[in-house]
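Printed here is query_27.cif (mmCIF, C-alpha atoms and all ligand atoms):
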```cif
data_structure
#
loop_
_atom_site.group_PDB
_atom_site.id
_atom_site.type_symbol
_atom_site.label_atom_id
_atom_site.label_comp_id
_atom_site.auth_asym_id
_atom_site.auth_seq_id
_atom_site.Cartn_x
_atom_site.Cartn_y
_atom_site.Cartn_z
ATOM 1 C CA MET A 4 97.123 71.680 134.340
ATOM 2 C CA GLU A 5 97.242 74.533 131.882
ATOM 3 C CA LYS A 6 95.166 73.952 128.794
ATOM 4 C CA GLU A 7 97.099 73.389 125.599
ATOM 5 C CA LYS A 8 97.916 76.566 123.717
ATOM 6 C CA ILE A 9 96.096 77.084 120.447
ATOM 7 C CA TYR A 10 97.437 79.647 118.004
ATOM 8 C CA VAL A 11 94.953 81.589 115.903
ATOM 9 C CA VAL A 12 96.914 82.654 112.865
ATOM 10 C CA GLY A 13 96.435 84.117 109.384
ATOM 11 C CA HIS A 14 98.538 83.827 106.254
ATOM 12 C CA LYS A 15 102.108 84.914 105.543
ATOM 13 C CA SER A 16 102.560 88.523 104.402
ATOM 14 C CA PRO A 17 99.829 89.221 106.950
ATOM 15 C CA ASP A 18 97.224 91.813 106.016
ATOM 16 C CA THR A 19 94.761 93.659 108.214
ATOM 17 C CA ASP A 20 92.043 91.013 107.749
ATOM 18 C CA SER A 21 94.395 88.178 108.696
ATOM 19 C CA VAL A 22 95.674 89.941 111.785
ATOM 20 C CA CYS A 23 92.472 91.529 113.118
ATOM 21 C CA SER A 24 90.448 88.352 112.537
ATOM 22 C CA ALA A 25 93.077 86.396 114.474
ATOM 23 C CA VAL A 26 93.126 88.882 117.366
ATOM 24 C CA VAL A 27 89.352 89.016 117.755
ATOM 25 C CA TYR A 28 88.683 85.329 117.148
ATOM 26 C CA ALA A 29 91.352 84.328 119.673
ATOM 27 C CA GLU A 30 89.613 86.521 122.219
ATOM 28 C CA TYR A 31 86.289 84.897 121.363
ATOM 29 C CA LEU A 32 87.706 81.378 121.811
ATOM 30 C CA LYS A 33 89.233 82.427 125.101
ATOM 31 C CA LYS A 34 86.202 84.118 126.592
ATOM 32 C CA ALA A 35 83.288 82.217 125.073
ATOM 33 C CA LYS A 36 84.879 78.775 124.663
ATOM 34 C CA LYS A 37 87.344 78.921 127.570
ATOM 35 C CA MET A 38 90.158 77.820 125.292
ATOM 36 C CA ASN A 39 93.797 78.787 125.754
ATOM 37 C CA ALA A 40 93.800 80.662 122.443
ATOM 38 C CA VAL A 41 96.568 83.077 121.471
ATOM 39 C CA PRO A 42 96.547 85.331 118.410
ATOM 40 C CA ALA A 43 99.634 85.064 116.216
ATOM 41 C CA VAL A 44 100.992 86.419 112.949
ATOM 42 C CA ALA A 45 102.915 84.561 110.254
ATOM 43 C CA GLY A 46 105.139 87.504 109.355
ATOM 44 C CA GLU A 47 105.966 91.143 109.899
ATOM 45 C CA LEU A 48 103.025 93.550 110.296
ATOM 46 C CA ASN A 49 102.496 96.100 107.532
ATOM 47 C CA ALA A 50 102.060 99.835 108.152
ATOM 48 C CA GLU A 51 98.310 99.677 107.645
ATOM 49 C CA THR A 52 97.808 96.921 110.204
ATOM 50 C CA LYS A 53 100.086 98.664 112.725
ATOM 51 C CA PHE A 54 97.982 101.801 112.320
ATOM 52 C CA VAL A 55 94.755 99.858 112.925
ATOM 53 C CA LEU A 56 96.053 98.018 116.005
ATOM 54 C CA ASN A 57 97.294 101.300 117.390
ATOM 55 C CA ARG A 58 94.040 103.097 116.639
ATOM 56 C CA PHE A 59 92.030 100.561 118.660
ATOM 57 C CA LYS A 60 94.698 99.998 121.312
ATOM 58 C CA ALA A 61 95.253 96.334 120.510
ATOM 59 C CA ALA A 62 98.583 94.658 121.212
ATOM 60 C CA PRO A 63 100.437 93.258 118.192
ATOM 61 C CA PRO A 64 100.108 89.446 118.137
ATOM 62 C CA GLU A 65 103.161 87.292 118.687
ATOM 63 C CA LEU A 66 105.169 86.202 115.663
ATOM 64 C CA LEU A 67 104.833 82.508 114.902
ATOM 65 C CA SER A 68 107.679 81.463 112.648
ATOM 66 C CA ALA A 69 107.345 77.683 112.902
ATOM 67 C CA ALA A 70 104.172 75.659 113.242
ATOM 68 C CA LEU A 71 105.861 72.332 113.964
ATOM 69 C CA GLY A 72 103.908 70.356 116.569
ATOM 70 C CA LYS A 73 101.552 73.227 117.370
ATOM 71 C CA LYS A 74 97.771 73.422 117.372
ATOM 72 C CA LEU A 75 96.436 76.029 114.976
ATOM 73 C CA VAL A 76 93.208 77.755 114.108
ATOM 74 C CA LEU A 77 93.635 79.132 110.587
ATOM 75 C CA VAL A 78 91.938 82.383 109.691
ATOM 76 C CA ASP A 79 91.902 84.057 106.277
ATOM 77 C CA HIS A 80 93.634 81.166 104.473
ATOM 78 C CA ASN A 81 93.325 77.421 104.044
ATOM 79 C CA GLU A 82 96.228 76.705 101.700
ATOM 80 C CA ILE A 83 99.062 75.099 103.609
ATOM 81 C CA ASN A 84 101.737 76.771 101.444
ATOM 82 C CA GLN A 85 100.352 80.226 102.296
ATOM 83 C CA GLY A 86 100.612 79.719 106.035
ATOM 84 C CA VAL A 87 103.260 79.455 108.725
ATOM 85 C CA ASP A 88 106.208 77.247 107.814
ATOM 86 C CA GLY A 89 105.967 73.684 109.063
ATOM 87 C CA MET A 90 102.202 73.548 108.902
ATOM 88 C CA ASP A 91 102.228 69.987 107.561
ATOM 89 C CA SER A 92 103.581 68.932 110.957
ATOM 90 C CA ALA A 93 101.066 70.999 112.922
ATOM 91 C CA THR A 94 97.498 70.134 113.868
ATOM 92 C CA VAL A 95 94.893 72.394 112.362
ATOM 93 C CA VAL A 96 91.887 72.324 114.686
ATOM 94 C CA GLU A 97 89.637 74.846 112.928
ATOM 95 C CA VAL A 98 89.458 77.041 109.814
ATOM 96 C CA ILE A 99 87.578 80.306 109.169
ATOM 97 C CA ASP A 100 88.136 81.744 105.729
ATOM 98 C CA HIS A 101 86.762 83.371 102.594
ATOM 99 C CA HIS A 102 89.097 81.938 99.949
ATOM 100 C CA LYS A 103 88.824 79.005 97.583
ATOM 101 C CA ILE A 104 89.019 75.678 99.363
ATOM 102 C CA VAL A 105 92.080 73.522 98.908
ATOM 103 C CA PHE A 106 92.274 72.177 102.432
ATOM 104 C CA ALA A 107 92.467 68.501 103.252
ATOM 105 C CA CYS A 108 92.421 66.937 106.687
ATOM 106 C CA ASP A 109 92.140 63.350 107.854
ATOM 107 C CA SER A 110 89.682 64.097 110.641
ATOM 108 C CA PRO A 111 86.564 66.279 110.844
ATOM 109 C CA ILE A 112 87.158 69.799 112.138
ATOM 110 C CA PRO A 113 85.043 72.972 112.260
ATOM 111 C CA PHE A 114 85.574 74.455 108.802
ATOM 112 C CA LEU A 115 83.745 77.672 108.002
ATOM 113 C CA VAL A 116 84.260 79.232 104.583
ATOM 114 C CA LYS A 117 81.893 81.838 103.174
ATOM 115 C CA PRO A 118 81.980 83.803 99.936
ATOM 116 C CA VAL A 119 82.117 87.213 101.627
ATOM 117 C CA GLY A 120 84.510 90.139 101.324
ATOM 118 C CA SER A 121 86.565 89.457 104.433
ATOM 119 C CA THR A 122 87.180 86.868 107.128
ATOM 120 C CA ALA A 123 86.319 89.613 109.620
ATOM 121 C CA THR A 124 82.729 89.589 108.331
ATOM 122 C CA ILE A 125 82.422 85.927 109.354
ATOM 123 C CA VAL A 126 84.100 86.522 112.735
ATOM 124 C CA ALA A 127 81.828 89.516 113.379
ATOM 125 C CA LYS A 128 78.746 87.385 112.752
ATOM 126 C CA ILE A 129 79.974 84.810 115.262
ATOM 127 C CA LEU A 130 80.482 87.531 117.875
ATOM 128 C CA MET A 131 77.110 89.115 117.169
ATOM 129 C CA ALA A 132 75.350 85.768 117.511
ATOM 130 C CA ASP A 133 76.864 85.285 120.977
ATOM 131 C CA LYS A 134 74.626 87.537 123.012
ATOM 132 C CA LYS A 135 75.756 86.488 126.461
ATOM 133 C CA ASN A 136 79.470 87.193 126.322
ATOM 134 C CA PHE A 137 79.375 90.862 125.211
ATOM 135 C CA LEU A 138 82.392 90.395 122.993
ATOM 136 C CA LEU A 139 81.539 93.113 120.546
ATOM 137 C CA THR A 140 83.500 95.800 122.356
ATOM 138 C CA LYS A 141 84.548 99.065 120.808
ATOM 139 C CA LYS A 142 87.978 97.551 120.286
ATOM 140 C CA SER A 143 86.883 94.297 118.620
ATOM 141 C CA ALA A 144 84.292 96.130 116.500
ATOM 142 C CA GLY A 145 86.921 98.641 115.394
ATOM 143 C CA LEU A 146 89.411 95.932 114.459
ATOM 144 C CA LEU A 147 86.858 93.921 112.487
ATOM 145 C CA LEU A 148 85.477 97.021 110.776
ATOM 146 C CA SER A 149 89.003 98.002 109.711
ATOM 147 C CA ALA A 150 89.579 94.520 108.294
ATOM 148 C CA ILE A 151 86.365 94.647 106.241
ATOM 149 C CA LEU A 152 87.146 98.117 104.890
ATOM 150 C CA SER A 153 90.679 97.033 104.035
ATOM 151 C CA ASP A 154 89.828 93.732 102.328
ATOM 152 C CA THR A 155 86.903 95.153 100.339
ATOM 153 C CA VAL A 156 88.794 98.407 99.553
ATOM 154 C CA PHE A 157 86.003 100.296 101.344
ATOM 155 C CA PHE A 158 83.347 98.286 99.470
ATOM 156 C CA LYS A 159 84.787 98.983 95.996
ATOM 157 C CA SER A 160 86.213 95.511 95.385
ATOM 158 C CA ALA A 161 84.153 92.991 93.396
ATOM 159 C CA THR A 162 84.404 90.691 96.412
ATOM 160 C CA THR A 163 82.110 92.942 98.458
ATOM 161 C CA THR A 164 78.735 91.426 99.371
ATOM 162 C CA PRO A 165 75.640 93.082 100.924
ATOM 163 C CA GLU A 166 76.496 91.152 104.080
ATOM 164 C CA ASP A 167 79.892 92.877 104.372
ATOM 165 C CA ILE A 168 78.249 96.277 104.105
ATOM 166 C CA ASP A 169 75.512 95.410 106.600
ATOM 167 C CA ILE A 170 77.965 94.004 109.154
ATOM 168 C CA ALA A 171 80.357 96.941 108.642
ATOM 169 C CA LYS A 172 77.562 99.404 109.431
ATOM 170 C CA LYS A 173 76.761 97.558 112.652
ATOM 171 C CA LEU A 174 80.449 97.433 113.586
ATOM 172 C CA GLY A 175 80.764 101.132 112.785
ATOM 173 C CA ARG A 176 78.028 101.918 115.281
ATOM 174 C CA ALA A 177 79.686 99.722 117.935
ATOM 175 C CA ALA A 178 83.096 101.284 117.294
ATOM 176 C CA GLY A 179 81.795 104.851 117.159
ATOM 177 C CA ILE A 180 82.858 105.369 113.541
ATOM 178 C CA LYS A 181 80.260 107.056 111.351
ATOM 179 C CA LYS A 182 81.914 107.747 108.008
ATOM 180 C CA LEU A 183 82.981 104.277 106.964
ATOM 181 C CA VAL A 184 84.359 105.105 103.525
ATOM 182 C CA ASP A 185 86.389 108.040 104.876
ATOM 183 C CA PHE A 186 87.807 105.790 107.563
ATOM 184 C CA GLY A 187 88.538 103.148 104.918
ATOM 185 C CA ILE A 188 90.518 105.668 102.874
ATOM 186 C CA GLU A 189 92.440 106.726 105.985
ATOM 187 C CA ILE A 190 93.364 103.085 106.645
ATOM 188 C CA LYS A 191 94.354 102.353 103.062
ATOM 189 C CA LYS A 192 96.524 105.462 102.805
ATOM 190 C CA GLN A 193 98.805 104.048 105.516
ATOM 191 C CA LYS A 194 100.403 101.649 103.101
ATOM 192 C CA ALA A 195 99.206 102.559 99.604
ATOM 193 C CA GLY A 196 102.143 103.506 97.417
ATOM 194 C CA LEU A 197 105.689 102.366 96.835
ATOM 195 C CA LYS A 198 107.514 105.094 98.729
ATOM 196 C CA GLY A 199 110.363 103.813 100.845
ATOM 197 C CA LEU A 200 109.914 100.231 99.649
ATOM 198 C CA CYS A 201 112.647 98.345 97.828
ATOM 199 C CA ALA A 202 111.505 96.265 94.843
ATOM 200 C CA ASP A 203 111.647 93.078 96.896
ATOM 201 C CA LYS A 204 109.354 94.532 99.568
ATOM 202 C CA ILE A 205 106.959 95.704 96.880
ATOM 203 C CA LEU A 206 106.668 92.186 95.524
ATOM 204 C CA TYR A 207 106.511 90.440 98.881
ATOM 205 C CA SER A 208 104.184 92.825 100.709
ATOM 206 C CA ASP A 209 101.306 90.534 99.709
ATOM 207 C CA PHE A 210 102.551 87.584 97.691
ATOM 208 C CA LYS A 211 100.759 84.255 97.391
ATOM 209 C CA THR A 212 101.640 81.127 95.481
ATOM 210 C CA PHE A 213 99.225 78.783 93.751
ATOM 211 C CA VAL A 214 99.307 75.521 91.830
ATOM 212 C CA ALA A 215 97.313 74.868 88.663
ATOM 213 C CA GLY A 216 97.769 72.522 85.721
ATOM 214 C CA GLY A 217 100.750 71.013 87.516
ATOM 215 C CA LYS A 218 102.587 74.334 87.648
ATOM 216 C CA LYS A 219 103.361 76.624 90.532
ATOM 217 C CA PHE A 220 102.935 80.354 90.090
ATOM 218 C CA GLY A 221 102.822 83.423 92.294
ATOM 219 C CA VAL A 222 100.637 86.513 92.322
ATOM 220 C CA GLY A 223 101.546 89.511 94.449
ATOM 221 C CA GLN A 224 99.493 92.632 94.946
ATOM 222 C CA ILE A 225 100.312 96.153 95.996
ATOM 223 C CA GLU A 226 97.860 99.021 96.261
ATOM 224 C CA VAL A 227 98.729 102.494 95.048
ATOM 225 C CA CYS A 228 97.011 105.845 94.560
ATOM 226 C CA GLY A 229 98.065 106.430 90.921
ATOM 227 C CA LEU A 230 100.365 104.284 88.780
ATOM 228 C CA GLN A 231 103.067 106.835 88.034
ATOM 229 C CA GLU A 232 105.581 105.684 90.609
ATOM 230 C CA ALA A 233 105.173 102.042 89.599
ATOM 231 C CA ASP A 234 105.671 102.962 85.945
ATOM 232 C CA GLN A 235 108.907 104.750 86.785
ATOM 233 C CA ARG A 236 110.236 101.803 88.783
ATOM 234 C CA GLN A 237 108.967 99.059 86.495
ATOM 235 C CA LYS A 238 112.371 97.843 85.299
ATOM 236 C CA GLU A 239 113.698 97.476 88.843
ATOM 237 C CA ILE A 240 110.524 95.706 90.008
ATOM 238 C CA LEU A 241 110.603 93.265 87.080
ATOM 239 C CA GLU A 242 114.220 92.380 87.875
ATOM 240 C CA ALA A 243 113.312 91.610 91.484
ATOM 241 C CA MET A 244 110.352 89.556 90.296
ATOM 242 C CA GLU A 245 112.530 87.467 87.998
ATOM 243 C CA LEU A 246 114.968 86.750 90.834
ATOM 244 C CA ALA A 247 112.109 85.757 93.128
ATOM 245 C CA ARG A 248 110.571 83.576 90.419
ATOM 246 C CA GLN A 249 113.817 81.653 89.964
ATOM 247 C CA LYS A 250 114.417 81.375 93.685
ATOM 248 C CA GLU A 251 110.952 80.001 94.370
ATOM 249 C CA ASN A 252 110.889 77.832 91.274
ATOM 250 C CA LEU A 253 107.763 79.411 89.823
ATOM 251 C CA ALA A 254 106.622 79.051 86.220
ATOM 252 C CA LEU A 255 105.218 82.559 86.387
ATOM 253 C CA ALA A 256 105.324 85.507 88.766
ATOM 254 C CA VAL A 257 102.762 88.284 88.511
ATOM 255 C CA LEU A 258 102.480 91.524 90.440
ATOM 256 C CA MET A 259 99.162 93.361 90.507
ATOM 257 C CA VAL A 260 99.739 97.067 90.972
ATOM 258 C CA THR A 261 96.227 98.050 91.959
ATOM 259 C CA ASP A 262 95.221 101.668 91.637
ATOM 260 C CA ILE A 263 92.538 102.084 94.301
ATOM 261 C CA ILE A 264 91.536 105.496 92.927
ATOM 262 C CA LYS A 265 91.332 104.529 89.236
ATOM 263 C CA GLU A 266 89.929 101.101 90.224
ATOM 264 C CA GLY A 267 92.040 98.910 87.980
ATOM 265 C CA SER A 268 95.280 96.929 88.087
ATOM 266 C CA LYS A 269 98.441 96.962 86.069
ATOM 267 C CA LEU A 270 99.854 93.441 85.879
ATOM 268 C CA LEU A 271 103.601 92.958 85.675
ATOM 269 C CA ALA A 272 104.653 89.462 84.664
ATOM 270 C CA VAL A 273 107.846 87.414 84.344
ATOM 271 C CA GLY A 274 108.412 83.781 83.363
ATOM 272 C CA GLU A 275 105.854 81.991 81.224
ATOM 273 C CA THR A 276 103.917 85.173 80.542
ATOM 274 C CA GLY A 277 101.925 83.522 77.747
ATOM 275 C CA TYR A 278 99.534 82.347 80.486
ATOM 276 C CA VAL A 279 98.729 85.957 81.355
ATOM 277 C CA GLU A 280 98.055 86.769 77.694
ATOM 278 C CA LYS A 281 95.880 83.673 77.377
ATOM 279 C CA ALA A 282 94.000 84.454 80.594
ATOM 280 C CA PHE A 283 93.096 88.021 79.708
ATOM 281 C CA GLY A 284 93.162 87.916 75.901
ATOM 282 C CA LYS A 285 95.627 90.798 75.828
ATOM 283 C CA THR A 286 99.177 91.217 74.637
ATOM 284 C CA LEU A 287 101.794 92.235 77.152
ATOM 285 C CA GLU A 288 103.808 95.327 76.422
ATOM 286 C CA ASN A 289 106.992 95.859 78.363
ATOM 287 C CA ALA A 290 106.068 92.765 80.429
ATOM 288 C CA SER A 291 102.903 94.482 81.605
ATOM 289 C CA VAL A 292 99.229 94.974 80.842
ATOM 290 C CA TYR A 293 96.511 97.134 82.418
ATOM 291 C CA ILE A 294 93.240 95.436 83.356
ATOM 292 C CA ASP A 295 90.496 97.962 83.892
ATOM 293 C CA LYS A 296 88.081 97.469 86.818
ATOM 294 C CA ALA A 297 90.114 94.571 88.235
ATOM 295 C CA MET A 298 91.009 95.090 91.891
ATOM 296 C CA SER A 299 90.575 91.644 93.350
ATOM 297 C CA ARG A 300 93.215 88.957 92.976
ATOM 298 C CA LYS A 301 90.797 86.320 94.151
ATOM 299 C CA LYS A 302 87.879 87.266 91.989
ATOM 300 C CA GLU A 303 89.262 88.891 88.863
ATOM 301 C CA ILE A 304 92.834 87.733 88.393
ATOM 302 C CA LEU A 305 93.157 84.218 89.779
ATOM 303 C CA PRO A 306 90.180 82.466 88.121
ATOM 304 C CA PRO A 307 91.163 83.325 84.505
ATOM 305 C CA LEU A 308 94.802 82.625 85.316
ATOM 306 C CA MET A 309 94.001 79.228 86.831
ATOM 307 C CA ARG A 310 91.910 78.375 83.759
ATOM 308 C CA ALA A 311 94.773 79.363 81.474
ATOM 309 C CA PHE A 312 97.079 76.974 83.347
ATOM 310 C CA GLU A 313 94.557 74.170 83.393
ATOM 311 C CA ASN A 314 93.526 74.213 79.731
HETATM 312 MN MN MN B 1 90.892 88.326 103.839
#
```
Give the structure from the file, written as structure tokens.
Ligand SMILES: [Mn+2]
Amino acid sequence: MEKEKIYVVGHKSPDTDSVCSAVVYAEYLKKAKKMNAVPAVAGELNAETKFVLNRFKAAPPELLSAALGKKLVLVDHNEINQGVDGMDSATVVEVIDHHKIVFACDSPIPFLVKPVGSTATIVAKILMADKKNFLLTKKSAGLLLSAILSDTVFFKSATTTPEDIDIAKKLGRAAGIKKLVDFGIEIKKQKAGLKGLCADKILYSDFKTFVAGGKKFGVGQIEVCGLQEADQRQKEILEAMELARQKENLALAVLMVTDIIKEGSKLLAVGETGYVEKAFGKTLENASVYIDKAMSRKKEILPPLMRAFEN
């Protein structure tokens, strides 16, 4: 009898970390654990991830649009509302992640969460510890390296730890890539910017919802090289954000326009924007405010925002 299929899947609006971690970890489960593991994605691939998969000759994972009745390994997320639809009627058998923990489960499962810059860092360590299966191929090393460089914005994000840098160097050697930062910039350039994206796509390219103080809110993020284009299109983006906020019943919707060159983020906000002012002690102008040095949603934007909702 064929073993039951297990889908290894990241969050919706999949990013390079979500996808590459799923691809490599599924291969690990298959080869080292003899499981019938299949990598999957919870949404359309972005241009950056397509570039990375192509670069290391990896097939795009299958699209999983409904989780109902399926067995899942979650990578790069542990919040049910950020994952594949129907997850409450799926069985989560394992989690590997680097985000805050909100997961609940009525039976014990392997649950590995570490405060590092990317899920790929954790997956890479698992592969490196398994000496007998030779899983750290050029392809898997290249995919994981790309994910680390992407998630940590080539080590510039506040989420970067010494472990990410150390693992990335080892992966670089295995993948035959010497100049890590240069390669990181090449990866990031694939999708940085707003060119060719409608306002809706800009908001939803990386949008996550959260609950705090009994209210639901959403924070999206888009990376750009310079804020000029975003400034010009601000009105149109804010209109799309307000529509999305109403549609998804959110108290507040925020978009981080993160300038990876200037290393800061302009926040656009609609809805109960007082929470943004409270969180950052700044007054919004034109529904927006620039936060210098803030590039990480998880580390620099979410914690003060959550506190503002909770207090
Ligand atoms: Mn990640």
Problem set entry | Contacts with ligand MN 1 (chain B) at most 9 Å, all atoms listed in the file counted, listed as a PyMOL selection string | chain A and resi 13+18-21+24+78-80+100-102+120-123+150-151+153-155
For this session: Take the PyMOL selection byres (((chain A and resi 308) around 8) and not hetatm), apply it to the structure above, and return the hits as a ChimeraX atom specification.
Result: /A:278-279,282-283,304-307,309-312
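Using all atoms listed in the file for every distance, the candidate list A:Val44, A:Ile125, A:Ala233, A:Ile168 yields A:Ala233 as the residue closest to A:Leu197.
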Do you have, as a Markdown table, the list of residues of stretch 125-211 of chain A lying at most 8 Å from stretch 110-119 of chain A, each with its nearest atom pair and that distance in Å to one decimal, counting all atoms listed in the file and ordered by chain then number?
```
| residue | atom | partner | partner_atom | distance |
| --- | --- | --- | --- | --- |
| A:Ile125 | CA | A:Lys117 | CA | 7.4 |
| A:Thr162 | CA | A:Val119 | CA | 6.7 |
| A:Thr163 | CA | A:Val119 | CA | 6.5 |
| A:Thr164 | CA | A:Val119 | CA | 5.9 |
| A:Glu166 | CA | A:Val119 | CA | 7.3 |
| A:Asp167 | CA | A:Val119 | CA | 6.7 |
```
Exercise. When the PyMOL selection byres (((chain A and resi 276) around 10) and not hetatm) is applied to the file above, which residues end up in the set, as a VMD selection string?
Worked result: chain A and resid 254 to 257 271 to 275 277 to 282 286 to 287 290 to 291
Given the file above and the PyMOL selection byres (((chain A and resi 40) around 7) and not hetatm), which residues are selected, and can you give them as a PDB file with C-alpha atoms, in the frame of the given file?
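In the end it all went to out-v6.pdb:
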```pdb
ATOM      1  CA  LYS A   8      97.916  76.566 123.717  1.00  0.00           C
ATOM      2  CA  ILE A   9      96.096  77.084 120.447  1.00  0.00           C
ATOM      3  CA  TYR A  10      97.437  79.647 118.004  1.00  0.00           C
ATOM      4  CA  VAL A  11      94.953  81.589 115.903  1.00  0.00           C
ATOM      5  CA  ALA A  29      91.352  84.328 119.673  1.00  0.00           C
ATOM      6  CA  LEU A  32      87.706  81.378 121.811  1.00  0.00           C
ATOM      7  CA  LYS A  33      89.233  82.427 125.101  1.00  0.00           C
ATOM      8  CA  MET A  38      90.158  77.820 125.292  1.00  0.00           C
ATOM      9  CA  ASN A  39      93.797  78.787 125.754  1.00  0.00           C
ATOM     10  CA  VAL A  41      96.568  83.077 121.471  1.00  0.00           C
ATOM     11  CA  PRO A  42      96.547  85.331 118.410  1.00  0.00           C
TER      12      PRO A  42
END
```
